[in-house]
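start11.txt follows (compact mmCIF, C-alpha atoms):
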```txt
# COMPACT_ATOMS: atom_id res chain seq x y z
CA MET C 5 104.15 113.05 147.30
CA LYS C 6 104.29 115.02 150.55
CA GLN C 7 107.37 117.08 151.40
CA ILE C 8 109.81 117.44 154.31
CA LEU C 9 111.98 120.56 154.29
CA CYS C 10 115.47 120.21 155.80
CA PHE C 11 116.85 123.69 156.52
CA GLY C 12 120.43 123.85 157.75
CA ASP C 13 124.09 124.60 157.09
CA SER C 14 127.08 122.65 155.75
CA ASN C 15 126.23 119.55 157.80
CA THR C 16 122.85 119.51 156.07
CA TYR C 17 124.48 120.27 152.72
CA GLY C 18 126.76 117.28 153.28
CA LEU C 19 130.19 118.91 153.09
CA ILE C 20 133.00 116.37 153.08
CA PRO C 21 135.34 117.16 156.01
CA GLY C 22 138.47 119.02 155.00
CA THR C 23 137.26 119.71 151.45
CA LYS C 24 134.89 121.93 149.49
CA GLU C 25 133.17 118.90 148.01
CA ARG C 26 129.81 117.37 148.88
CA TYR C 27 129.01 113.80 149.84
CA GLY C 28 127.08 112.01 147.12
CA TRP C 29 123.53 110.78 147.13
CA GLY C 30 123.07 107.91 149.50
CA VAL C 31 125.78 109.20 151.85
CA ARG C 32 124.63 112.60 153.13
CA TRP C 33 121.93 112.30 155.77
CA THR C 34 119.27 114.20 153.85
CA SER C 35 119.45 111.74 150.96
CA ILE C 36 119.37 108.73 153.27
CA LEU C 37 116.32 110.19 154.98
CA ASP C 38 114.70 110.79 151.59
CA GLU C 39 115.15 107.17 150.58
CA LYS C 40 113.67 105.97 153.86
CA MET C 41 110.69 108.35 153.75
CA ARG C 42 109.77 107.60 150.12
CA GLY C 43 108.06 104.43 151.25
CA HIS C 44 105.80 106.52 153.48
CA GLY C 45 104.85 108.93 150.71
CA TYR C 46 107.33 111.70 151.53
CA ARG C 47 110.24 113.32 149.70
CA VAL C 48 112.98 115.38 151.33
CA ILE C 49 113.85 118.89 150.17
CA GLU C 50 117.56 119.53 150.81
CA GLU C 51 118.11 123.16 151.82
CA GLY C 52 121.58 123.05 153.37
CA LEU C 53 123.97 125.96 152.76
CA CYS C 54 127.58 126.26 153.92
CA GLY C 55 128.05 129.11 156.36
CA ARG C 56 124.36 129.62 157.08
CA THR C 57 123.53 131.16 160.47
CA THR C 58 120.26 131.60 162.30
CA MET C 59 120.12 135.41 162.13
CA PHE C 60 123.63 136.81 161.61
CA GLU C 61 124.94 138.42 158.42
CA ASP C 62 128.20 137.02 157.06
CA ALA C 63 130.41 139.94 156.03
CA LEU C 64 132.22 137.82 153.43
CA ARG C 65 129.38 135.76 151.95
CA SER C 66 125.90 136.97 151.09
CA GLY C 67 122.70 135.04 151.66
CA ARG C 68 123.87 133.24 154.79
CA ARG C 69 121.36 134.72 157.25
CA GLY C 70 118.75 132.05 157.84
CA THR C 71 115.98 134.45 158.81
CA GLY C 72 116.55 136.30 155.54
CA MET C 73 115.97 133.19 153.44
CA LEU C 74 113.56 130.86 155.23
CA PRO C 75 110.27 132.65 154.41
CA ALA C 76 110.97 132.57 150.68
CA ILE C 77 112.10 128.93 150.84
CA LEU C 78 108.92 127.95 152.69
CA GLU C 79 106.85 129.70 150.05
CA THR C 80 108.86 128.20 147.18
CA HIS C 81 108.34 124.64 148.36
CA SER C 82 104.78 124.99 149.67
CA PRO C 83 103.04 122.86 150.73
CA VAL C 84 105.43 121.33 153.26
CA GLU C 85 104.32 118.74 155.80
CA LEU C 86 107.32 118.92 158.17
CA VAL C 87 110.33 121.18 158.73
CA ILE C 88 113.58 119.79 160.12
CA LEU C 89 115.58 122.77 161.40
CA MET C 90 119.27 122.32 162.27
CA LEU C 91 121.31 125.53 162.58
CA GLY C 92 123.61 127.14 165.13
CA THR C 93 127.14 125.89 164.41
CA ASN C 94 128.14 128.95 162.37
CA ASP C 95 126.60 131.24 164.98
CA CYS C 96 129.38 130.01 167.29
CA LYS C 97 132.04 131.79 165.20
CA THR C 98 134.15 134.33 167.06
CA ILE C 99 132.99 137.25 164.93
CA TYR C 100 129.39 137.00 166.20
CA HIS C 101 130.26 136.93 169.94
CA ALA C 102 127.04 134.97 170.46
CA SER C 103 126.10 133.24 173.69
CA PRO C 104 124.01 130.04 173.60
CA ALA C 105 120.99 132.11 174.67
CA LEU C 106 121.49 134.59 171.83
CA ILE C 107 121.75 131.76 169.30
CA GLY C 108 118.52 130.46 170.79
CA CYS C 109 116.93 133.83 169.98
CA GLY C 110 117.86 133.25 166.34
CA ILE C 111 116.22 129.83 166.45
CA GLU C 112 113.07 131.36 167.92
CA GLN C 113 112.93 133.90 165.09
CA LEU C 114 113.08 131.03 162.58
CA LEU C 115 110.33 129.18 164.45
CA ASP C 116 108.22 132.34 164.34
CA GLN C 117 108.67 132.49 160.57
CA ILE C 118 107.60 128.87 160.20
CA ARG C 119 104.52 129.51 162.34
CA GLU C 120 103.66 132.59 160.29
CA SER C 121 103.87 130.45 157.16
CA ASN C 122 101.62 127.75 158.61
CA PRO C 123 100.58 127.76 162.30
CA LEU C 124 99.98 124.00 162.20
CA LEU C 125 103.20 122.97 160.43
CA PRO C 126 105.13 120.45 162.58
CA VAL C 127 108.78 121.25 163.29
CA LEU C 128 111.58 118.95 164.35
CA LEU C 129 114.16 121.21 166.00
CA VAL C 130 117.65 119.70 165.95
CA SER C 131 120.55 121.01 168.00
CA PRO C 132 123.72 120.58 165.90
CA ILE C 133 126.71 118.36 166.59
CA HIS C 134 129.37 119.75 168.90
CA LEU C 135 132.45 121.42 167.52
CA GLY C 136 135.67 119.48 168.02
CA ASP C 137 137.93 120.61 170.85
CA SER C 138 140.66 121.70 168.41
CA VAL C 139 138.48 123.34 165.74
CA TRP C 140 139.85 126.82 166.52
CA LYS C 141 143.45 125.88 165.67
CA MET C 142 145.02 127.27 162.49
CA GLU C 143 145.09 123.91 160.73
CA TYR C 144 141.32 123.55 161.16
CA ASP C 145 139.01 126.61 161.24
CA PRO C 146 140.35 129.75 162.95
CA GLU C 147 136.97 131.46 162.45
CA PHE C 148 136.16 129.70 165.72
CA CYS C 149 137.85 130.11 169.11
CA ARG C 150 138.08 128.04 172.30
CA LYS C 151 134.87 129.67 173.56
CA SER C 152 133.08 128.53 170.40
CA VAL C 153 133.51 124.92 171.46
CA GLU C 154 131.93 125.60 174.85
CA VAL C 155 129.03 127.45 173.26
CA SER C 156 128.35 124.59 170.84
CA LYS C 157 128.19 122.13 173.73
CA ASP C 158 125.64 124.29 175.55
CA LEU C 159 123.23 124.49 172.62
CA PRO C 160 121.35 121.21 173.27
CA GLN C 161 120.06 122.46 176.61
CA VAL C 162 118.96 125.79 175.12
CA TYR C 163 117.27 124.15 172.13
CA ARG C 164 115.49 121.62 174.32
CA GLN C 165 114.05 124.42 176.44
CA ILE C 166 112.86 126.20 173.30
CA ALA C 167 111.30 123.00 171.96
CA ASP C 168 109.46 122.43 175.25
CA ALA C 169 108.17 125.99 175.33
CA ARG C 170 107.18 125.98 171.65
CA ARG C 171 105.79 122.45 171.66
CA THR C 172 107.96 121.32 168.78
CA GLY C 173 109.77 118.07 168.23
CA TYR C 174 113.38 117.96 169.40
CA LEU C 175 116.48 115.89 168.71
CA ALA C 176 120.12 116.43 169.71
CA ALA C 177 122.36 115.55 166.76
CA SER C 178 125.30 115.37 169.18
CA ARG C 179 123.81 112.19 170.66
CA TYR C 180 124.27 110.40 167.36
CA ALA C 181 127.17 112.03 165.51
CA GLU C 182 130.52 113.69 166.15
CA PRO C 183 132.70 116.04 164.12
CA SER C 184 135.31 114.37 161.96
CA GLU C 185 138.90 114.33 163.18
CA THR C 186 139.79 115.71 159.75
CA ASP C 187 138.36 119.18 160.35
CA GLN C 188 136.75 119.09 163.83
CA GLU C 189 133.54 120.54 162.37
CA HIS C 190 131.76 118.30 159.86
CA MET C 191 130.34 114.80 160.07
CA GLY C 192 131.94 111.84 158.37
CA LYS C 193 130.01 109.14 156.52
CA GLU C 194 129.15 107.18 159.66
CA GLY C 195 127.87 110.32 161.36
CA HIS C 196 125.56 111.04 158.43
CA ARG C 197 124.25 107.47 158.54
CA LYS C 198 123.58 107.49 162.28
CA LEU C 199 121.94 110.91 162.21
CA ALA C 200 119.73 109.87 159.29
CA GLU C 201 118.53 106.82 161.24
CA ALA C 202 117.70 108.93 164.29
CA LEU C 203 115.92 111.60 162.26
CA TYR C 204 113.95 108.98 160.37
CA ARG C 205 112.55 107.57 163.60
CA ALA C 206 111.88 111.03 165.04
CA ALA C 207 110.26 112.34 161.86
CA LEU C 208 107.92 109.36 161.57
CA GLU C 209 106.88 109.65 165.20
CA LEU C 210 106.29 113.39 164.87
CA ILE C 211 104.26 113.03 161.68
CA GLN C 212 102.14 110.28 163.18
CA THR C 213 101.63 112.14 166.45
CA CYS C 214 100.72 115.43 164.80
CA GLY C 215 98.27 113.63 162.56
CA ASP C 216 96.17 112.88 165.62
CA PRO C 217 94.98 116.15 167.21
CA ASP C 218 93.93 114.28 170.35
CA ASN C 219 97.42 112.83 170.90
CA ILE C 220 99.89 115.73 170.87
CA PRO C 221 102.27 115.85 173.86
CA GLU C 222 102.89 119.38 175.09
CA SER C 223 106.63 119.27 174.33
CA PHE C 224 106.50 117.32 171.11
CA CYS C 225 104.41 118.98 168.44
CA ALA C 226 103.51 122.59 167.65
```
If you convert what's in this file into structure tokens, what do you get?
Amino acid sequence: MKQILCFGDSNTYGLIPGTKERYGWGVRWTSILDEKMRGHGYRVIEEGLCGRTTMFEDALRSGRRGTGMLPAILETHSPVELVILMLGTNDCKTIYHASPALIGCGIEQLLDQIRESNPLLPVLLVSPIHLGDSVWKMEYDPEFCRKSVEVSKDLPQVYRQIADARRTGYLAASRYAEPSETDQEHMGKEGHRKLAEALYRAALELIQTCGDPDNIPESFCA
């Protein structure tokens, strides 16, 4: 059974909006993707962690810096046939003062680590869903501010440019899912379902394309 590694934050973990609980199997997008890919000989490795960033240290929670964990995770689960990378939401928190371009630098560091692990390993880079317009309010998540919302909405353009330059696959999660009204930050059940469907199609296309060295579009596969 070949393996697909999904590396992300709480929306990859499957956090239920407004709670500290996790959606069950068959609801969170990683599990739906796993069930769909099993018929093609693949299993999905779920590596979602609440609070994970691309490259920033969380002063209150250890082990959240993506660049500090990804190399070990790649080695732990080797061999991997595809990496789905979806991070950036937590980088939008006020404490990091990060612009979209700076968050993109964190994504590029992660892509460098994947390439160092295996230069031929295909990557599907996913820009995360947008933050809700009210996420910064006290009743939601005051770790964010008004500017955080703007930054999150600018990430798709930055990620797409990175994907084009790096010749990786790309998908904008914000095209398929929105944050729940409950917490303005995490996907509801329908969002998980729609994102899983989109990622299933994109992953299959990327795997099939990268399997043919004579048919790799410049902006699609590393």
### Task
Determine the nearest neighbour of Glu85 of chain C from the options C:His196, C:Lys24, C:Arg47, C:Arg171, counting only C-alpha atoms.
C:Arg47
### Task
Would you list the contacts of Glu154 of chain C as a VMD selection string, taking every protein, DNA or RNA residue within 10 Å and counting only C-alpha atoms, but skipping same-chain residues closer than 6 positions in sequence?
chain C and resid 96 103 to 104 134 to 137
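Computed from the coordinates, the atom CA of Leu115 of chain C to atom CA of Lys157 of chain C distance equals 21.3 Å.
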### Query
Given the choices C:Asp95, C:Glu50, C:Glu61, C:Glu185, which gets closest to Ile77 of chain C if the distance is worked out from all atoms listed in the file?
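Once distances to Ile77 of chain C are computed over all atoms listed in the file, the minimum belongs to C:Glu50.
Here the question is which of C:Leu199, C:Cys214, C:Cys149, C:Leu89 gets nearest to Ile133 of chain C using all atoms listed in the file, and that residue is C:Leu199.
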### Task
Rank nothing, just name the residue among C:Pro183, C:Ala102, C:Arg164, C:His44 nearest to Gln212 of chain C, using all atoms listed in the file.
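Smallest separation from Gln212 of chain C among the options: C:His44.
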### Neighbour list for segment 174-181 of chain C as a ChimeraX atom specification, cut-off 9 Å, all atoms listed in the file, skip fewer than 2 positions in-chain
/C:90,127-134,157,160,163-164,167-168,172,183,191-192,194-199,202-203,206,223-224
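Straight-line separation from atom CA of Leu78 of chain C to atom CA of Gln113 of chain C: 14.3 Å.
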Using all atoms of segment 99-109 of chain C that appear in the file, construct an axis-aligned enclosing box with 6 Å of padding on every side and provide its centre coordinates and edge lengths in Å, rounded to one decimal, as lines of an AutoDock Vina configuration file.
```
center_x = 125.0
center_y = 133.6
center_z = 169.8
size_x = 28.1
size_y = 19.2
size_z = 21.7
```
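Pairwise distance (atom CA of Gly110 of chain C, atom CA of Ala169 of chain C) equals 15.1 Å.
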#### Entry: Residue contacts of Leu19 of chain C (8 Å, all atoms listed in the file) excluding same-chain residues fewer than 6 positions away, as a PyMOL selection string
chain C and resi 25-27+54+190
### Query
Skipping near chain neighbours, those fewer than 3 positions away, what residues fall within 12 Å of Met5 of chain C using only C-alpha atoms, listed as a list in words?
Ile8, Asp38, Met41, Arg42, Gly43, His44, Gly45, Tyr46, Arg47, Val48, Ile49, Pro83, Val84 and Glu85 of chain C
Please save C-alpha atoms of the selected residues as an mmCIF file, keeping the file's coordinate frame.
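What ended up in part-v6.cif:
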```cif
data_model
loop_
_atom_site.group_PDB
_atom_site.id
_atom_site.type_symbol
_atom_site.label_atom_id
_atom_site.label_comp_id
_atom_site.auth_asym_id
_atom_site.auth_seq_id
_atom_site.Cartn_x
_atom_site.Cartn_y
_atom_site.Cartn_z
ATOM 1 C CA ILE C 8 109.810 117.440 154.310
ATOM 2 C CA ASP C 38 114.700 110.790 151.590
ATOM 3 C CA MET C 41 110.690 108.350 153.750
ATOM 4 C CA ARG C 42 109.770 107.600 150.120
ATOM 5 C CA GLY C 43 108.060 104.430 151.250
ATOM 6 C CA HIS C 44 105.800 106.520 153.480
ATOM 7 C CA GLY C 45 104.850 108.930 150.710
ATOM 8 C CA TYR C 46 107.330 111.700 151.530
ATOM 9 C CA ARG C 47 110.240 113.320 149.700
ATOM 10 C CA VAL C 48 112.980 115.380 151.330
ATOM 11 C CA ILE C 49 113.850 118.890 150.170
ATOM 12 C CA PRO C 83 103.040 122.860 150.730
ATOM 13 C CA VAL C 84 105.430 121.330 153.260
ATOM 14 C CA GLU C 85 104.320 118.740 155.800
#
```
### Message
Ranking C:Leu210, C:Ile107, C:Met142, C:Ala63 by minimum distance to Asp158 of chain C and counting only C-alpha atoms, which one comes first?
### Response
C:Ile107
Determine, counting all atoms listed in the file, which protein, DNA and RNA residues have an atom within 12 Å of an atom of Leu74 of chain C; residues of the same chain fewer than 3 positions away are not included. Present the result as a PDB file with C-alpha atoms, in the frame of the given file.
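File produced: out_3.pdb:
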```pdb
ATOM      1  CA  LEU C   9     111.980 120.560 154.290  1.00  0.00           C
ATOM      2  CA  CYS C  10     115.470 120.210 155.800  1.00  0.00           C
ATOM      3  CA  PHE C  11     116.850 123.690 156.520  1.00  0.00           C
ATOM      4  CA  GLY C  12     120.430 123.850 157.750  1.00  0.00           C
ATOM      5  CA  GLU C  51     118.110 123.160 151.820  1.00  0.00           C
ATOM      6  CA  GLY C  52     121.580 123.050 153.370  1.00  0.00           C
ATOM      7  CA  LEU C  53     123.970 125.960 152.760  1.00  0.00           C
ATOM      8  CA  ARG C  56     124.360 129.620 157.080  1.00  0.00           C
ATOM      9  CA  THR C  57     123.530 131.160 160.470  1.00  0.00           C
ATOM     10  CA  THR C  58     120.260 131.600 162.300  1.00  0.00           C
ATOM     11  CA  MET C  59     120.120 135.410 162.130  1.00  0.00           C
ATOM     12  CA  GLY C  67     122.700 135.040 151.660  1.00  0.00           C
ATOM     13  CA  ARG C  68     123.870 133.240 154.790  1.00  0.00           C
ATOM     14  CA  ARG C  69     121.360 134.720 157.250  1.00  0.00           C
ATOM     15  CA  GLY C  70     118.750 132.050 157.840  1.00  0.00           C
ATOM     16  CA  THR C  71     115.980 134.450 158.810  1.00  0.00           C
ATOM     17  CA  ILE C  77     112.100 128.930 150.840  1.00  0.00           C
ATOM     18  CA  LEU C  78     108.920 127.950 152.690  1.00  0.00           C
ATOM     19  CA  GLU C  79     106.850 129.700 150.050  1.00  0.00           C
ATOM     20  CA  THR C  80     108.860 128.200 147.180  1.00  0.00           C
ATOM     21  CA  HIS C  81     108.340 124.640 148.360  1.00  0.00           C
ATOM     22  CA  SER C  82     104.780 124.990 149.670  1.00  0.00           C
ATOM     23  CA  VAL C  87     110.330 121.180 158.730  1.00  0.00           C
ATOM     24  CA  LEU C  89     115.580 122.770 161.400  1.00  0.00           C
ATOM     25  CA  LEU C  91     121.310 125.530 162.580  1.00  0.00           C
ATOM     26  CA  ILE C 111     116.220 129.830 166.450  1.00  0.00           C
ATOM     27  CA  GLN C 113     112.930 133.900 165.090  1.00  0.00           C
ATOM     28  CA  LEU C 114     113.080 131.030 162.580  1.00  0.00           C
ATOM     29  CA  LEU C 115     110.330 129.180 164.450  1.00  0.00           C
ATOM     30  CA  ASP C 116     108.220 132.340 164.340  1.00  0.00           C
ATOM     31  CA  GLN C 117     108.670 132.490 160.570  1.00  0.00           C
ATOM     32  CA  ILE C 118     107.600 128.870 160.200  1.00  0.00           C
ATOM     33  CA  ARG C 119     104.520 129.510 162.340  1.00  0.00           C
ATOM     34  CA  GLU C 120     103.660 132.590 160.290  1.00  0.00           C
ATOM     35  CA  SER C 121     103.870 130.450 157.160  1.00  0.00           C
TER      36      SER C 121
END
```
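Considering the residues C:Arg170, C:Gly55, C:Asn15, C:Glu201 and counting all atoms listed in the file, Pro123 of chain C has its shortest atom-to-atom contact with C:Arg170.
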